[in-house]
Amino acid sequence: MPASQSRARARERNNVLNRAEFLSLNQPMKGNQETRSSSRKQGSQSGLAPIQNEGTKERRQSQQLPEEDCMQLNPSFKGIAFNSLLAIDICMSKRLGVCASSASSWGSARSMITLIGITGHGVPWIGGTLICLVKSSTLAGQEVLMNLLLALLLDVMIVAGLQKLAKRRGPYDVHPGLLDYLTMDIYAFPAGHASRAAMVSKFFLNHLVLAIPLRILLVLWAFCVGLSRIMIGRHHITDVLSGFVFGYLQFRLVELLWMSSNTCQMIISIW
């Protein structure tokens with residue numbers, strides 16, 4: 001037994017891995033561990049603390065970011081279709097804006113196209129309706145004119161509210177005129193001239209006895225008013241189409257709120 005123990009001790013002494021320079025390969029030294037841990041603590045307290053704070057702040061901000069700010073690697077089919085239609089709308093509207101400026105291809109006809117658009121403005125229609133209402137002497141005429149005035153006022157308020165909500169700009173940097181500021185027709189969506197033309201034409205078709213050529217001309221007038229707003233670069237195609245839709249809905253609303261002859265006479269007497 002003593003001989004075997006002495007042999008084992010001799011083997012351990014002769015083992016190269018038991019030397020001091022090779023001890024770090026087998027097991028970590030306590031002194032090195034203590035020095036490393038102390039250096040790590042000091043480094044974390046001095047230099048690494050602000051870095052960790054910045055990292056935690058960035059993580060919190062990334063968690064608080066809305067989904068719109070994140071990159072969508074797999075967009076939905078609806079999003080792709082909507083963006084594609086929007087791009088087509090902008091491209092076609094820019095191509096149809098042939099009178100957007102005097103340097104455009106149809107720049108010489110800009111004044112005439114603008115005049116067509118003014119025929120669908122709210123100020124001339126409201127002023128003309130008031131003049132006709134003052135000069136009207138029949139109860140039926142006053143009833144129709146009072147409801148037309150109500151429709152025009154509703155159109156101005158509804159279009160102004162929708163434009164304030166949407167705040168969409170036109171395809172070209174065309175500043176609104178003085179009459180546009182009076183009726184708060186500043187933004188592009190929906191087209192106020194188009195909604196007014198559609199509402200007025202539908203109103204006349206339902207409440208006035210007109211010959212067939214006049215009915216066709218009335219519809220063509222509404223279409224030309226909407227087209228003129230695209231040609232001068234004030235509205236997109238979708239703005240004008242949505243204006244036509246809103247004009248029809250406004251007509252249906254006025255039909256529901258139709259004021260009787262007695263109500264109209266009471267309002268006129270207050271004036």
# chains A, B, ... in the order shown; residues from 1 in each chain; ligands from 1
call {"tool": "residues_around", "arguments": {"residues": "segment 205-210 of chain A", "least_positions_apart": "2", "cutoff": "12 Å", "atoms": "only C-alpha atoms", "output": "list of chain:residue names"}}
result
A:Ala140, A:Gly141, A:Glu143, A:Val144, A:Leu145, A:Asn147, A:Leu148, A:Ala198, A:Met199, A:Val200, A:Ser201, A:Lys202, A:Phe203, A:Ile212, A:Pro213, A:Leu214, A:Arg215, A:Ile216, A:Leu217, A:Leu218, A:Val219, A:Phe251, A:Arg252, A:Glu255, A:Trp258
call {"tool": "residues_around", "arguments": {"residues": "segment 224-232 of chain A", "least_positions_apart": "5", "cutoff": "8 Å", "atoms": "only C-alpha atoms", "output": "list in words"}}
result
Ser93, Leu96, Gly97, Val98, Cys99, Ala100, Ser101, Arg110, Ile113, Thr114, Ile116, Gly117, Thr119, Gly120, Ala191, His193, Ala194, Ala197, Ile237 and Val240 of chain A
call {"tool": "atom_distance", "arguments": {"atom1": "atom CA of Asp89 of chain A", "atom2": "atom CA of Gln163 of chain A"}}
result
18.1 Å
call {"tool": "atom_distance", "arguments": {"atom1": "atom CA of Phe244 of chain A", "atom2": "atom CA of Ala151 of chain A"}}
result
14.5 Å
call {"tool": "closest_residue", "arguments": {"among": "A:Leu154, A:Ala166, A:Ile268, A:Val174", "to": "Gln250 of chain A", "atoms": "only C-alpha atoms"}}
result
A:Leu154
call {"tool": "residues_around", "arguments": {"residues": "Met266 of chain A", "least_positions_apart": "5", "cutoff": "12 Å", "atoms": "only C-alpha atoms", "output": "list of chain:residue names"}}
result
A:Leu139, A:Gln142, A:Glu143, A:Met146, A:Met259, A:Ser260, A:Ser261, A:Trp271
call {"tool": "closest_residue", "arguments": {"among": "A:Arg169, A:Leu162, A:His235, A:Gly247", "to": "Arg196 of chain A", "atoms": "only C-alpha atoms"}}
result
A:Gly247
call {"tool": "atom_distance", "arguments": {"atom1": "atom CA of Lys94 of chain A", "atom2": "atom CA of Asp155 of chain A"}}
result
26.9 Å
call {"tool": "closest_residue", "arguments": {"among": "A:His121, A:Gly79, A:Gly243, A:Leu115", "to": "Tyr181 of chain A", "atoms": "only C-alpha atoms"}}
result
A:His121
call {"tool": "residues_around", "arguments": {"residues": "Leu165 of chain A", "least_positions_apart": "6", "cutoff": "12 Å", "atoms": "only C-alpha atoms", "output": "JSON, numbers by chain"}}
result
{"A": [158, 159, 186, 187, 188, 189, 190]}
call {"tool": "write_last_selection", "arguments": {"atoms": "N, CA, C and O atoms", "output": "PDB file, in the first residue's frame"}}
result
ATOM      1  N   ILE A 158     -71.460  69.961 -44.840  1.00  0.00           N
ATOM      2  CA  ILE A 158     -71.019  68.562 -44.871  1.00  0.00           C
ATOM      3  C   ILE A 158     -69.683  68.431 -45.586  1.00  0.00           C
ATOM      4  O   ILE A 158     -68.760  67.747 -45.111  1.00  0.00           O
ATOM      5  N   VAL A 159     -69.529  69.082 -46.726  1.00  0.00           N
ATOM      6  CA  VAL A 159     -68.270  68.995 -47.479  1.00  0.00           C
ATOM      7  C   VAL A 159     -67.126  69.616 -46.681  1.00  0.00           C
ATOM      8  O   VAL A 159     -66.014  69.077 -46.638  1.00  0.00           O
ATOM      9  N   ILE A 186     -61.318  74.004 -49.070  1.00  0.00           N
ATOM     10  CA  ILE A 186     -59.873  74.199 -49.107  1.00  0.00           C
ATOM     11  C   ILE A 186     -59.154  72.930 -49.548  1.00  0.00           C
ATOM     12  O   ILE A 186     -58.211  72.988 -50.337  1.00  0.00           O
ATOM     13  N   TYR A 187     -59.564  71.783 -49.048  1.00  0.00           N
ATOM     14  CA  TYR A 187     -58.881  70.521 -49.342  1.00  0.00           C
ATOM     15  C   TYR A 187     -59.527  69.828 -50.543  1.00  0.00           C
ATOM     16  O   TYR A 187     -60.485  70.330 -51.126  1.00  0.00           O
ATOM     17  N   ALA A 188     -58.984  68.665 -50.886  1.00  0.00           N
ATOM     18  CA  ALA A 188     -59.376  68.004 -52.134  1.00  0.00           C
ATOM     19  C   ALA A 188     -60.503  66.999 -51.959  1.00  0.00           C
ATOM     20  O   ALA A 188     -61.352  66.862 -52.842  1.00  0.00           O
ATOM     21  N   PHE A 189     -60.531  66.278 -50.836  1.00  0.00           N
ATOM     22  CA  PHE A 189     -61.503  65.196 -50.679  1.00  0.00           C
ATOM     23  C   PHE A 189     -62.578  65.587 -49.674  1.00  0.00           C
ATOM     24  O   PHE A 189     -62.264  65.953 -48.543  1.00  0.00           O
ATOM     25  N   PRO A 190     -63.862  65.481 -50.075  1.00  0.00           N
ATOM     26  CA  PRO A 190     -64.405  65.259 -51.426  1.00  0.00           C
ATOM     27  C   PRO A 190     -64.500  66.571 -52.195  1.00  0.00           C
ATOM     28  O   PRO A 190     -64.371  67.650 -51.609  1.00  0.00           O
TER      29      PRO A 190
END
